[in-house]
$ cat coords_12.pdb   # PDB, C-alpha atoms
ATOM      1  CA  MET A   1       0.000   0.000   0.000
ATOM      2  CA  GLU A   2       2.789   2.377   0.976
ATOM      3  CA  ARG A   3       4.660   1.425  -2.152
ATOM      4  CA  ALA A   4       1.602   2.104  -4.282
ATOM      5  CA  SER A   5       1.067   5.558  -2.818
ATOM      6  CA  LEU A   6       4.767   6.333  -3.169
ATOM      7  CA  MET A   7       4.648   5.342  -6.834
ATOM      8  CA  ALA A   8       1.569   7.477  -7.344
ATOM      9  CA  GLN A   9       3.498  10.434  -5.971
ATOM     10  CA  THR A  10       6.605   9.889  -8.084
ATOM     11  CA  GLU A  11       5.078   8.740 -11.374
ATOM     12  CA  ALA A  12       4.285  11.392 -13.961
ATOM     13  CA  PRO A  13       0.624  11.381 -15.054
ATOM     14  CA  ASP A  14      -0.133   9.833 -18.449
ATOM     15  CA  GLU A  15      -0.938  13.246 -19.881
ATOM     16  CA  VAL A  16       2.449  14.638 -18.856
ATOM     17  CA  LEU A  17       4.193  11.723 -20.557
ATOM     18  CA  LEU A  18       2.090  12.198 -23.691
ATOM     19  CA  ARG A  19       2.905  15.898 -23.769
ATOM     20  CA  ARG A  20       6.602  15.144 -23.366
ATOM     21  CA  PHE A  21       6.379  12.716 -26.269
ATOM     22  CA  GLY A  22       4.482  15.285 -28.334
ATOM     23  CA  ALA A  23       7.278  17.761 -27.658
ATOM     24  CA  GLY A  24       9.763  15.341 -29.196
ATOM     25  CA  GLU A  25      10.893  13.364 -26.155
ATOM     26  CA  ALA A  26      10.705   9.872 -27.679
ATOM     27  CA  VAL A  27      11.807   8.187 -24.448
ATOM     28  CA  ALA A  28       8.507   9.164 -22.781
ATOM     29  CA  ALA A  29       6.801   6.696 -25.126
ATOM     30  CA  ARG A  30       8.410   3.747 -23.342
ATOM     31  CA  GLU A  31       6.999   4.635 -19.938
ATOM     32  CA  LEU A  32       3.555   5.326 -21.368
ATOM     33  CA  SER A  33       3.609   2.056 -23.334
ATOM     34  CA  GLU A  34       4.591   0.054 -20.254
ATOM     35  CA  ARG A  35       1.529   1.437 -18.492
ATOM     36  CA  LEU A  36      -1.055   1.214 -21.257
ATOM     37  CA  VAL A  37      -0.142  -1.704 -23.518
ATOM     38  CA  PRO A  38      -0.695  -4.522 -20.945
ATOM     39  CA  ARG A  39      -4.123  -3.129 -20.017
ATOM     40  CA  LEU A  40      -5.179  -2.611 -23.618
ATOM     41  CA  LEU A  41      -3.937  -6.053 -24.622
ATOM     42  CA  GLY A  42      -5.961  -7.744 -21.869
ATOM     43  CA  TYR A  43      -9.049  -5.762 -22.842
ATOM     44  CA  ALA A  44      -8.728  -6.342 -26.600
ATOM     45  CA  SER A  45      -7.983 -10.043 -26.047
ATOM     46  CA  ARG A  46     -11.221 -10.444 -24.120
ATOM     47  CA  LEU A  47     -13.241  -8.603 -26.743
ATOM     48  CA  LEU A  48     -11.741 -10.455 -29.694
ATOM     49  CA  GLY A  49     -10.852 -13.789 -28.078
ATOM     50  CA  ASP A  50      -7.602 -13.841 -30.009
ATOM     51  CA  PRO A  51      -4.472 -12.381 -28.398
ATOM     52  CA  ALA A  52      -2.629 -12.281 -31.735
ATOM     53  CA  GLU A  53      -5.362 -10.191 -33.338
ATOM     54  CA  ALA A  54      -5.564  -8.146 -30.134
ATOM     55  CA  GLU A  55      -1.869  -7.279 -30.504
ATOM     56  CA  ASP A  56      -2.537  -5.716 -33.915
ATOM     57  CA  VAL A  57      -5.400  -3.673 -32.465
ATOM     58  CA  VAL A  58      -3.264  -2.435 -29.560
ATOM     59  CA  GLN A  59      -0.447  -1.451 -31.909
ATOM     60  CA  GLU A  60      -2.900   0.541 -34.053
ATOM     61  CA  ALA A  61      -4.484   2.219 -31.004
ATOM     62  CA  MET A  62      -1.075   3.253 -29.675
ATOM     63  CA  LEU A  63      -0.047   4.534 -33.111
ATOM     64  CA  ARG A  64      -3.099   6.805 -33.113
ATOM     65  CA  LEU A  65      -2.104   8.024 -29.657
ATOM     66  CA  TRP A  66       1.426   8.860 -30.854
ATOM     67  CA  ARG A  67       0.003  10.775 -33.812
ATOM     68  CA  ILE A  68      -2.403  12.875 -31.762
ATOM     69  CA  ALA A  69       0.173  13.672 -29.054
ATOM     70  CA  PRO A  70       1.214  17.157 -30.319
ATOM     71  CA  GLU A  71      -2.422  18.293 -30.551
ATOM     72  CA  TRP A  72      -3.491  16.764 -27.218
ATOM     73  CA  GLU A  73      -5.650  19.280 -25.335
ATOM     74  CA  SER A  74      -5.265  19.372 -21.588
ATOM     75  CA  GLY A  75      -8.413  18.318 -19.734
ATOM     76  CA  ARG A  76     -10.080  17.040 -22.902
ATOM     77  CA  ALA A  77     -10.050  13.414 -21.714
ATOM     78  CA  GLN A  78      -7.943  11.006 -19.736
ATOM     79  CA  VAL A  79      -5.272   9.472 -21.943
ATOM     80  CA  SER A  80      -6.212   5.954 -20.788
ATOM     81  CA  THR A  81      -9.921   6.564 -21.427
ATOM     82  CA  TRP A  82      -9.200   7.931 -24.894
ATOM     83  CA  VAL A  83      -7.059   4.974 -25.910
ATOM     84  CA  TYR A  84      -9.518   2.457 -24.429
ATOM     85  CA  ARG A  85     -12.202   4.041 -26.591
ATOM     86  CA  VAL A  86     -10.065   3.762 -29.710
ATOM     87  CA  THR A  87      -9.349   0.130 -28.832
ATOM     88  CA  THR A  88     -13.063  -0.565 -28.355
ATOM     89  CA  ASN A  89     -13.898   0.897 -31.761
ATOM     90  CA  LEU A  90     -11.076  -0.990 -33.482
ATOM     91  CA  CYS A  91     -12.270  -4.276 -31.935
ATOM     92  CA  THR A  92     -15.850  -3.585 -33.011
ATOM     93  CA  ASP A  93     -14.654  -2.846 -36.554
ATOM     94  CA  ARG A  94     -12.713  -6.107 -36.656
ATOM     95  CA  LEU A  95     -15.582  -8.189 -35.383
ATOM     96  CA  ARG A  96     -18.004  -6.632 -37.864
ATOM     97  CA  ARG A  97     -15.585  -6.737 -40.767
ATOM     98  CA  GLY A  98     -15.069 -10.414 -40.082
ATOM     99  CA  GLY A  99     -18.831 -10.871 -40.078
ATOM    100  CA  ARG A 100     -18.917 -11.925 -36.451
ATOM    101  CA  GLN A 101     -20.475 -10.407 -33.382
ATOM    102  CA  LYS A 102     -18.639 -12.705 -30.999
ATOM    103  CA  PRO A 103     -14.984 -13.422 -30.300
ATOM    104  CA  THR A 104     -13.143 -16.420 -31.653
ATOM    105  CA  ALA A 105     -14.591 -19.770 -30.497
ATOM    106  CA  PRO A 106     -12.868 -21.195 -27.381
ATOM    107  CA  GLU A 107     -11.364 -24.143 -29.249
ATOM    108  CA  ASP A 108      -9.682 -21.725 -31.689
ATOM    109  CA  MET A 109      -8.388 -19.366 -29.020
ATOM    110  CA  VAL A 110      -4.684 -18.902 -28.654
ATOM    111  CA  GLY A 111      -3.380 -17.803 -25.289
ATOM    112  CA  PHE A 112      -6.376 -18.841 -23.227
ATOM    113  CA  ALA A 113      -6.184 -22.115 -21.338
ATOM    114  CA  ASP A 114      -8.476 -25.035 -22.076
ATOM    115  CA  PRO A 115     -11.273 -24.711 -19.529
ATOM    116  CA  ALA A 116     -11.598 -28.489 -19.081
ATOM    117  CA  PRO A 117     -11.267 -29.439 -15.392
ATOM    118  CA  GLY A 118      -8.016 -30.883 -14.090
ATOM    119  CA  ALA A 119      -7.382 -34.277 -12.545
ATOM    120  CA  GLU A 120      -9.253 -33.421  -9.365
ATOM    121  CA  GLY A 121     -12.273 -32.216 -11.311
ATOM    122  CA  VAL A 122     -11.754 -28.659 -10.002
ATOM    123  CA  LEU A 123     -10.589 -25.788 -12.179
ATOM    124  CA  ASP A 124      -7.455 -23.906 -11.199
ATOM    125  CA  ALA A 125      -7.179 -20.121 -11.597
ATOM    126  CA  THR A 126      -6.117 -20.280 -15.240
ATOM    127  CA  GLU A 127      -8.913 -22.683 -16.068
ATOM    128  CA  LYS A 128     -11.422 -20.464 -14.269
ATOM    129  CA  ALA A 129     -10.246 -17.538 -16.373
ATOM    130  CA  ALA A 130     -10.713 -19.569 -19.537
ATOM    131  CA  ALA A 131     -14.180 -20.671 -18.445
ATOM    132  CA  LEU A 132     -15.123 -17.052 -17.806
ATOM    133  CA  GLN A 133     -13.789 -16.099 -21.231
ATOM    134  CA  ALA A 134     -15.932 -18.786 -22.824
ATOM    135  CA  ALA A 135     -18.988 -17.383 -21.038
ATOM    136  CA  LEU A 136     -18.050 -13.783 -21.903
ATOM    137  CA  GLN A 137     -18.002 -14.559 -25.591
ATOM    138  CA  GLU A 138     -21.634 -15.560 -25.440
ATOM    139  CA  LEU A 139     -22.636 -12.090 -24.252
ATOM    140  CA  PRO A 140     -23.866  -9.421 -26.672
ATOM    141  CA  GLU A 141     -20.984  -7.153 -27.686
ATOM    142  CA  ARG A 142     -21.960  -4.110 -25.576
ATOM    143  CA  GLN A 143     -22.576  -6.186 -22.451
ATOM    144  CA  ARG A 144     -19.213  -7.886 -22.921
ATOM    145  CA  GLN A 145     -17.453  -4.494 -23.219
ATOM    146  CA  ALA A 146     -19.150  -3.130 -20.097
ATOM    147  CA  VAL A 147     -18.511  -6.224 -17.955
ATOM    148  CA  VAL A 148     -14.846  -6.494 -18.974
ATOM    149  CA  LEU A 149     -14.184  -2.783 -18.411
ATOM    150  CA  ARG A 150     -15.944  -2.761 -15.032
ATOM    151  CA  HIS A 151     -15.022  -6.081 -13.482
ATOM    152  CA  ILE A 152     -11.732  -7.085 -15.100
ATOM    153  CA  GLU A 153     -10.163  -3.754 -16.065
ATOM    154  CA  GLY A 154     -11.534  -2.144 -12.891
ATOM    155  CA  LEU A 155     -12.700   1.141 -14.443
ATOM    156  CA  SER A 156     -15.426   3.317 -12.950
ATOM    157  CA  ASN A 157     -18.867   3.599 -14.523
ATOM    158  CA  PRO A 158     -18.320   7.244 -15.623
ATOM    159  CA  GLU A 159     -15.059   6.221 -17.319
ATOM    160  CA  ILE A 160     -16.806   3.342 -19.055
ATOM    161  CA  ALA A 161     -19.598   5.666 -20.170
ATOM    162  CA  VAL A 162     -17.015   7.854 -21.931
ATOM    163  CA  ILE A 163     -15.301   4.856 -23.503
ATOM    164  CA  MET A 164     -18.570   3.381 -24.760
ATOM    165  CA  ASP A 165     -20.002   6.780 -25.709
ATOM    166  CA  THR A 166     -23.114   6.309 -23.607
ATOM    167  CA  GLY A 167     -24.588   7.311 -20.238
ATOM    168  CA  VAL A 168     -23.700   6.021 -16.798
ATOM    169  CA  GLU A 169     -27.163   4.503 -16.335
ATOM    170  CA  ALA A 170     -26.822   2.580 -19.587
ATOM    171  CA  VAL A 171     -23.461   1.249 -18.380
ATOM    172  CA  GLU A 172     -25.020   0.100 -15.102
ATOM    173  CA  SER A 173     -27.785  -1.638 -17.018
ATOM    174  CA  LEU A 174     -25.391  -3.323 -19.448
ATOM    175  CA  THR A 175     -23.157  -4.498 -16.601
ATOM    176  CA  ALA A 176     -26.063  -5.862 -14.550
ATOM    177  CA  ARG A 177     -27.542  -7.740 -17.498
ATOM    178  CA  GLY A 178     -24.128  -9.065 -18.459
ATOM    179  CA  LYS A 179     -23.458 -10.376 -14.965
ATOM    180  CA  ARG A 180     -26.843 -12.056 -14.777
ATOM    181  CA  ALA A 181     -26.158 -13.781 -18.087
ATOM    182  CA  LEU A 182     -22.696 -14.872 -16.917
ATOM    183  CA  THR A 183     -24.114 -16.269 -13.714
ATOM    184  CA  ALA A 184     -26.754 -18.175 -15.640
ATOM    185  CA  ALA A 185     -24.093 -19.598 -17.973
ATOM    186  CA  LEU A 186     -21.605 -20.512 -15.248
ATOM    187  CA  MET A 187     -23.834 -21.718 -12.401
ATOM    188  CA  PRO A 188     -24.495 -25.154 -13.908
ATOM    189  CA  HIS A 189     -20.711 -25.744 -13.764
ATOM    190  CA  ARG A 190     -20.134 -24.286 -10.302
ATOM    191  CA  GLU A 191     -18.961 -27.580  -8.804
ATOM    192  CA  GLU A 192     -16.222 -27.735 -11.432
ATOM    193  CA  TYR A 193     -14.998 -24.316 -10.249
ATOM    194  CA  GLY A 194     -14.668 -25.700  -6.712
ATOM    195  CA  TYR A 195     -17.842 -24.167  -5.289
ATOM    196  CA  GLN A 196     -20.329 -26.215  -3.349
ATOM    197  CA  ASP A 197     -23.950 -25.251  -2.888
ATOM    198  CA  ASP A 198     -24.320 -22.995   0.114
TER     199      ASP A 198
ATOM    200  CA  MET B   1     -32.065 -14.965 -18.398
ATOM    201  CA  THR B   2     -32.277 -16.696 -15.007
ATOM    202  CA  ASP B   3     -33.303 -14.693 -11.963
ATOM    203  CA  LEU B   4     -31.799 -16.085  -8.787
ATOM    204  CA  PRO B   5     -33.554 -16.092  -5.415
ATOM    205  CA  GLU B   6     -32.354 -13.242  -3.164
ATOM    206  CA  ASN B   7     -30.550 -15.583  -0.749
ATOM    207  CA  ARG B   8     -28.415 -16.971  -3.583
ATOM    208  CA  LYS B   9     -27.564 -13.659  -5.255
ATOM    209  CA  ASP B  10     -24.841 -12.772  -2.772
ATOM    210  CA  THR B  11     -23.077 -16.086  -3.117
ATOM    211  CA  SER B  12     -23.330 -16.079  -6.901
ATOM    212  CA  GLU B  13     -21.903 -12.515  -6.898
ATOM    213  CA  GLU B  14     -18.983 -13.740  -4.809
ATOM    214  CA  LYS B  15     -18.368 -16.671  -7.121
ATOM    215  CA  LEU B  16     -18.500 -14.425 -10.152
ATOM    216  CA  GLU B  17     -16.077 -12.024  -8.501
ATOM    217  CA  ASP B  18     -13.740 -14.960  -7.858
ATOM    218  CA  LEU B  19     -13.796 -15.724 -11.582
ATOM    219  CA  PHE B  20     -13.129 -12.077 -12.421
ATOM    220  CA  ALA B  21     -10.153 -12.130 -10.052
ATOM    221  CA  ALA B  22      -8.855 -15.261 -11.762
ATOM    222  CA  ALA B  23      -9.258 -13.528 -15.136
ATOM    223  CA  ARG B  24      -7.301 -10.491 -13.893
ATOM    224  CA  LYS B  25      -4.444 -12.764 -12.800
ATOM    225  CA  ALA B  26      -4.458 -14.653 -16.106
ATOM    226  CA  ALA B  27      -4.408 -11.524 -18.277
ATOM    227  CA  PRO B  28      -2.146 -11.960 -21.309
ATOM    228  CA  GLN B  29       1.143 -10.092 -21.040
ATOM    229  CA  PRO B  30       2.501  -8.166 -24.024
ATOM    230  CA  SER B  31       5.271  -9.941 -25.864
ATOM    231  CA  GLU B  32       8.646  -8.291 -26.429
ATOM    232  CA  ASP B  33       7.750  -8.197 -30.115
ATOM    233  CA  LEU B  34       4.586  -6.172 -29.460
ATOM    234  CA  MET B  35       6.425  -3.688 -27.234
ATOM    235  CA  ALA B  36       9.143  -3.360 -29.888
ATOM    236  CA  ARG B  37       6.516  -2.689 -32.589
ATOM    237  CA  VAL B  38       4.757  -0.063 -30.462
ATOM    238  CA  LEU B  39       7.998   1.724 -29.589
ATOM    239  CA  SER B  40       9.185   1.525 -33.180
ATOM    240  CA  ASP B  41       5.973   3.267 -34.273
ATOM    241  CA  ALA B  42       6.512   5.941 -31.615
ATOM    242  CA  GLU B  43      10.064   6.519 -32.819
ATOM    243  CA  ALA B  44       8.919   6.715 -36.455
ATOM    244  CA  VAL B  45       6.196   9.261 -35.607
ATOM    245  CA  CYS B  46       8.685  11.328 -33.590
ATOM    246  CA  LEU B  47      11.235  11.201 -36.421
ATOM    247  CA  ALA B  48       8.672  12.107 -39.099
ATOM    248  CA  ARG B  49       7.528  15.087 -37.018
ATOM    249  CA  ALA B  50      11.100  16.274 -36.509
ATOM    250  CA  THR B  51      11.780  15.959 -40.247
ATOM    251  CA  GLN B  52       8.649  17.953 -41.084
ATOM    252  CA  THR B  53       9.726  20.666 -38.656
ATOM    253  CA  THR B  54      13.190  21.026 -40.137
ATOM    254  CA  GLN B  55      11.905  21.007 -43.730
ATOM    255  CA  ALA B  56       8.736  23.106 -43.466
ATOM    256  CA  GLY B  57       9.699  25.255 -40.492
ATOM    257  CA  PRO B  58      12.536  27.393 -41.981
ATOM    258  CA  ALA B  59      10.649  27.856 -45.268
ATOM    259  CA  ALA B  60       7.591  29.076 -43.407
ATOM    260  CA  ARG B  61       9.711  31.446 -41.339
ATOM    261  CA  PHE B  62      11.370  32.790 -44.489
ATOM    262  CA  SER B  63       8.122  33.509 -46.274
ATOM    263  CA  LEU B  64       6.573  35.292 -43.326
ATOM    264  CA  SER B  65       9.217  36.907 -41.175
ATOM    265  CA  SER B  66      11.892  37.632 -43.764
ATOM    266  CA  MET B  67       9.417  39.326 -46.087
ATOM    267  CA  LEU B  68       8.142  41.474 -43.245
ATOM    268  CA  ASP B  69      11.704  42.314 -42.210
ATOM    269  CA  ALA B  70      12.452  43.408 -45.756
ATOM    270  CA  PHE B  71       9.567  45.901 -45.615
ATOM    271  CA  GLY B  72      10.480  47.127 -42.157
ATOM    272  CA  GLY B  73       8.081  44.982 -40.186
ATOM    273  CA  TRP B  74       4.285  45.240 -40.086
ATOM    274  CA  ALA B  75       4.416  49.082 -40.055
ATOM    275  CA  GLY B  76       6.570  49.104 -43.161
ATOM    276  CA  ALA B  77       4.304  46.674 -44.927
ATOM    277  CA  GLY B  78       1.313  48.852 -44.009
ATOM    278  CA  GLY B  79       3.011  51.935 -45.388
ATOM    279  CA  LEU B  80       3.822  50.097 -48.575
ATOM    280  CA  ALA B  81       0.220  49.028 -48.952
ATOM    281  CA  ALA B  82      -1.033  52.600 -48.351
ATOM    282  CA  ALA B  83       1.406  53.977 -50.916
ATOM    283  CA  GLY B  84       0.233  51.393 -53.400
ATOM    284  CA  LEU B  85      -3.394  52.404 -52.896
ATOM    285  CA  VAL B  86      -2.579  56.095 -53.325
ATOM    286  CA  GLY B  87      -0.682  55.314 -56.509
ATOM    287  CA  LEU B  88      -3.650  53.353 -57.799
ATOM    288  CA  TRP B  89      -5.994  56.235 -56.999
ATOM    289  CA  VAL B  90      -3.770  58.760 -58.715
ATOM    290  CA  GLY B  91      -3.545  56.540 -61.773
ATOM    291  CA  VAL B  92      -7.271  55.919 -62.046
ATOM    292  CA  ALA B  93      -8.614  59.355 -61.084
ATOM    293  CA  PRO B  94      -5.783  61.898 -60.980
ATOM    294  CA  PRO B  95      -6.569  65.266 -59.301
ATOM    295  CA  GLU B  96      -7.079  68.138 -61.700
ATOM    296  CA  THR B  97      -4.030  70.053 -60.384
ATOM    297  CA  LEU B  98      -1.806  67.064 -61.012
ATOM    298  CA  GLN B  99      -3.086  66.795 -64.583
ATOM    299  CA  SER B 100      -2.274  70.498 -65.157
ATOM    300  CA  THR B 101       1.208  70.100 -63.689
ATOM    301  CA  LEU B 102       1.833  67.032 -65.757
ATOM    302  CA  GLY B 103       0.694  68.924 -68.827
ATOM    303  CA  LEU B 104       3.127  71.758 -68.114
ATOM    304  CA  ILE B 105       5.982  69.338 -67.534
ATOM    305  CA  LEU B 106       5.279  67.459 -70.700
ATOM    306  CA  ALA B 107       5.013  70.758 -72.595
ATOM    307  CA  GLY B 108       8.459  71.838 -71.315
ATOM    308  CA  ASP B 109       7.226  75.042 -69.647
ATOM    309  CA  VAL B 110       8.563  74.090 -66.268
ATOM    310  CA  LEU B 111      11.654  72.154 -67.162
ATOM    311  CA  SER B 112      13.804  75.169 -67.925
ATOM    312  CA  SER B 113      17.336  75.791 -66.770
ATOM    313  CA  ASP B 114      16.092  78.531 -64.479
ATOM    314  CA  PRO B 115      15.670  77.046 -60.972
ATOM    315  CA  GLY B 116      13.343  79.936 -60.151
ATOM    316  CA  ASN B 117      10.612  78.244 -62.192
ATOM    317  CA  LEU B 118      10.376  75.531 -59.554
ATOM    318  CA  TRP B 119       9.006  78.159 -57.189
ATOM    319  CA  ILE B 120       6.285  78.906 -59.710
ATOM    320  CA  ILE B 121       5.138  75.290 -59.426
ATOM    321  CA  GLU B 122       5.258  75.336 -55.673
ATOM    322  CA  ASP B 123       3.471  78.681 -55.357
ATOM    323  CA  THR B 124       0.864  77.824 -57.935
ATOM    324  CA  TYR B 125       0.100  74.201 -57.384
ATOM    325  CA  LEU B 126       1.215  73.351 -53.865
ATOM    326  CA  PRO B 127      -0.243  76.120 -51.713
ATOM    327  CA  GLY B 128      -0.175  73.920 -48.625
ATOM    328  CA  LEU B 129       3.593  74.293 -48.478
ATOM    329  CA  GLY B 130       3.348  77.988 -47.570
ATOM    330  CA  GLY B 131       2.795  79.469 -51.020
TER     331      GLY B 131
END

$ encode --input "coords_12.pdb" --output "structure tokens"
Amino acid sequence: MERASLMAQTEAPDEVLLRRFGAGEAVAARELSERLVPRLLGYASRLLGDPAEAEDVVQEAMLRLWRIAPEWESGRAQVSTWVYRVTTNLCTDRLRRGGRQKPTAPEDMVGFADPAPGAEGVLDATEKAAALQAALQELPERQRQAVVLRHIEGLSNPEIAVIMDTGVEAVESLTARGKRALTAALMPHREEYGYQDD
Amino acid sequence: MTDLPENRKDTSEEKLEDLFAAARKAAPQPSEDLMARVLSDAEAVCLARATQTTQAGPAARFSLSSMLDAFGGWAGAGGLAAAGLVGLWVGVAPPETLQSTLGLILAGDVLSSDPGNLWIIEDTYLPGLGG
């Protein structure tokens, strides 16, 4: 906790790094990339179901960030929110261009573990993550975006509203419906995840 | 969509949260190749911008600032523009006195070797100068 607060005090905000990059300080790009790329990759992977395709999306989103850096207006948006929004739109474009509304099927996924239970019949953490991914891909696109941003990426509802270009109430509704659908999809397998009926 | 009884909602929320936590831990990490591609793009954008600045920047400064300097700054350029407008006005609709003077000059009445004739012009046609 102390370390986290110390880092928060010493780390330059994303916007400062972006401004430094826009002013020609190329080295600022490394620090900004180390912060944003892992988050964007996790998000895009969950939307697309294919980490390799997600990498291309993240590279494109970051390229757009580099290009807009000199014109970045202070207070216009959070850098992370802006680039999440670009990533969301790029993922949507890819899914629609490929004629699909859902991510890659679980059996074709690369980078996500096979959700089949282990020897003891109980899923470990990696297998749980894969099972969740399989359930996420069954959600409608907007519900999937809202649930991933809220519960895996840990963003606030107002931030998600900006990213998804909608209102906070709509985000709350999408998240609630998405979670209900996930519960319905996962509950029949709860014993495999190591949960007993209460 | 399945609605759960109230007494099972809390536990199902907890179980779902456990799965979300597992997903957060299992998030894919960027490969070295991806980071290299992203940073390479950043470097290329930075380089392209620097190149544009060195190529377009001096030319833009020359066209704007050096031209103004040549005319003595904005005030000089304004004076030049005013003089141009006056010249245009004189050419299009010359004052009657100027036409008369020009006629005398062209007729050779004024251009004599006697410098005293210049005073005739001044007294006759330029009364504002104390004539």

$ closest_residue --input "coords_12.pdb" --among "A:Glu169, A:Glu127, A:Glu73, A:Glu141" --to "Arg19 in chain A" --atoms "all atoms listed in the file"
A:Glu73

$ closest_residue --input "coords_12.pdb" --among "A:Leu41, A:Leu90, A:Leu32, A:Leu139" --to "chain B" --atoms "all atoms listed in the file"
A:Leu41

$ interface_residues --input "coords_12.pdb" --of "chain A" --to "chain B" --cutoff "9 Å" --atoms "all atoms listed in the file" --output "PDB file with C-alpha atoms, in the frame of the given file"
ATOM      1  CA  PHE A  21       6.379  12.716 -26.269  1.00  0.00           C
ATOM      2  CA  GLY A  22       4.482  15.285 -28.334  1.00  0.00           C
ATOM      3  CA  ALA A  23       7.278  17.761 -27.658  1.00  0.00           C
ATOM      4  CA  GLY A  24       9.763  15.341 -29.196  1.00  0.00           C
ATOM      5  CA  GLU A  25      10.893  13.364 -26.155  1.00  0.00           C
ATOM      6  CA  ALA A  26      10.705   9.872 -27.679  1.00  0.00           C
ATOM      7  CA  VAL A  27      11.807   8.187 -24.448  1.00  0.00           C
ATOM      8  CA  ALA A  29       6.801   6.696 -25.126  1.00  0.00           C
ATOM      9  CA  ARG A  30       8.410   3.747 -23.342  1.00  0.00           C
ATOM     10  CA  SER A  33       3.609   2.056 -23.334  1.00  0.00           C
ATOM     11  CA  GLU A  34       4.591   0.054 -20.254  1.00  0.00           C
ATOM     12  CA  VAL A  37      -0.142  -1.704 -23.518  1.00  0.00           C
ATOM     13  CA  PRO A  38      -0.695  -4.522 -20.945  1.00  0.00           C
ATOM     14  CA  ARG A  39      -4.123  -3.129 -20.017  1.00  0.00           C
ATOM     15  CA  LEU A  41      -3.937  -6.053 -24.622  1.00  0.00           C
ATOM     16  CA  GLY A  42      -5.961  -7.744 -21.869  1.00  0.00           C
ATOM     17  CA  TYR A  43      -9.049  -5.762 -22.842  1.00  0.00           C
ATOM     18  CA  SER A  45      -7.983 -10.043 -26.047  1.00  0.00           C
ATOM     19  CA  PRO A  51      -4.472 -12.381 -28.398  1.00  0.00           C
ATOM     20  CA  GLU A  55      -1.869  -7.279 -30.504  1.00  0.00           C
ATOM     21  CA  ASP A  56      -2.537  -5.716 -33.915  1.00  0.00           C
ATOM     22  CA  VAL A  58      -3.264  -2.435 -29.560  1.00  0.00           C
ATOM     23  CA  GLN A  59      -0.447  -1.451 -31.909  1.00  0.00           C
ATOM     24  CA  GLU A  60      -2.900   0.541 -34.053  1.00  0.00           C
ATOM     25  CA  MET A  62      -1.075   3.253 -29.675  1.00  0.00           C
ATOM     26  CA  LEU A  63      -0.047   4.534 -33.111  1.00  0.00           C
ATOM     27  CA  TRP A  66       1.426   8.860 -30.854  1.00  0.00           C
ATOM     28  CA  ARG A  67       0.003  10.775 -33.812  1.00  0.00           C
ATOM     29  CA  GLY A 111      -3.380 -17.803 -25.289  1.00  0.00           C
ATOM     30  CA  PHE A 112      -6.376 -18.841 -23.227  1.00  0.00           C
ATOM     31  CA  ASP A 124      -7.455 -23.906 -11.199  1.00  0.00           C
ATOM     32  CA  ALA A 125      -7.179 -20.121 -11.597  1.00  0.00           C
ATOM     33  CA  THR A 126      -6.117 -20.280 -15.240  1.00  0.00           C
ATOM     34  CA  GLU A 127      -8.913 -22.683 -16.068  1.00  0.00           C
ATOM     35  CA  LYS A 128     -11.422 -20.464 -14.269  1.00  0.00           C
ATOM     36  CA  ALA A 129     -10.246 -17.538 -16.373  1.00  0.00           C
ATOM     37  CA  ALA A 130     -10.713 -19.569 -19.537  1.00  0.00           C
ATOM     38  CA  ALA A 131     -14.180 -20.671 -18.445  1.00  0.00           C
ATOM     39  CA  LEU A 132     -15.123 -17.052 -17.806  1.00  0.00           C
ATOM     40  CA  GLN A 133     -13.789 -16.099 -21.231  1.00  0.00           C
ATOM     41  CA  VAL A 148     -14.846  -6.494 -18.974  1.00  0.00           C
ATOM     42  CA  HIS A 151     -15.022  -6.081 -13.482  1.00  0.00           C
ATOM     43  CA  ILE A 152     -11.732  -7.085 -15.100  1.00  0.00           C
ATOM     44  CA  GLU A 153     -10.163  -3.754 -16.065  1.00  0.00           C
ATOM     45  CA  ARG A 177     -27.542  -7.740 -17.498  1.00  0.00           C
ATOM     46  CA  LYS A 179     -23.458 -10.376 -14.965  1.00  0.00           C
ATOM     47  CA  ARG A 180     -26.843 -12.056 -14.777  1.00  0.00           C
ATOM     48  CA  ALA A 181     -26.158 -13.781 -18.087  1.00  0.00           C
ATOM     49  CA  LEU A 182     -22.696 -14.872 -16.917  1.00  0.00           C
ATOM     50  CA  THR A 183     -24.114 -16.269 -13.714  1.00  0.00           C
ATOM     51  CA  ALA A 184     -26.754 -18.175 -15.640  1.00  0.00           C
ATOM     52  CA  LEU A 186     -21.605 -20.512 -15.248  1.00  0.00           C
ATOM     53  CA  MET A 187     -23.834 -21.718 -12.401  1.00  0.00           C
ATOM     54  CA  ARG A 190     -20.134 -24.286 -10.302  1.00  0.00           C
ATOM     55  CA  TYR A 193     -14.998 -24.316 -10.249  1.00  0.00           C
ATOM     56  CA  TYR A 195     -17.842 -24.167  -5.289  1.00  0.00           C
ATOM     57  CA  ASP A 198     -24.320 -22.995   0.114  1.00  0.00           C
TER      58      ASP A 198
END

$ atom_distance --input "coords_12.pdb" --atom1 "CA of Ser173 in chain A" --atom2 "CA of Arg94 in chain A"
25.2 Å

$ atom_distance --input "coords_12.pdb" --atom1 "CA of Tyr84 in chain A" --atom2 "CA of Ile163 in chain A"
6.3 Å

$ atom_distance --input "coords_12.pdb" --atom1 "CA of Arg76 in chain A" --atom2 "CA of Gln145 in chain A"
22.8 Å

$ residues_near_point --input "coords_12.pdb" --point "(-11.9, 13.4, -21.7)" --cutoff "12 Å" --atoms "all atoms listed in the file" --output "MDAnalysis selection string"
chainID A and resid 15 72:85 158:163 165

$ closest_residue --input "coords_12.pdb" --among "A:Glu71, A:Asp50, A:Glu172, A:Asp14" --to "Gln137 in chain A" --atoms "only C-alpha atoms"
A:Asp50
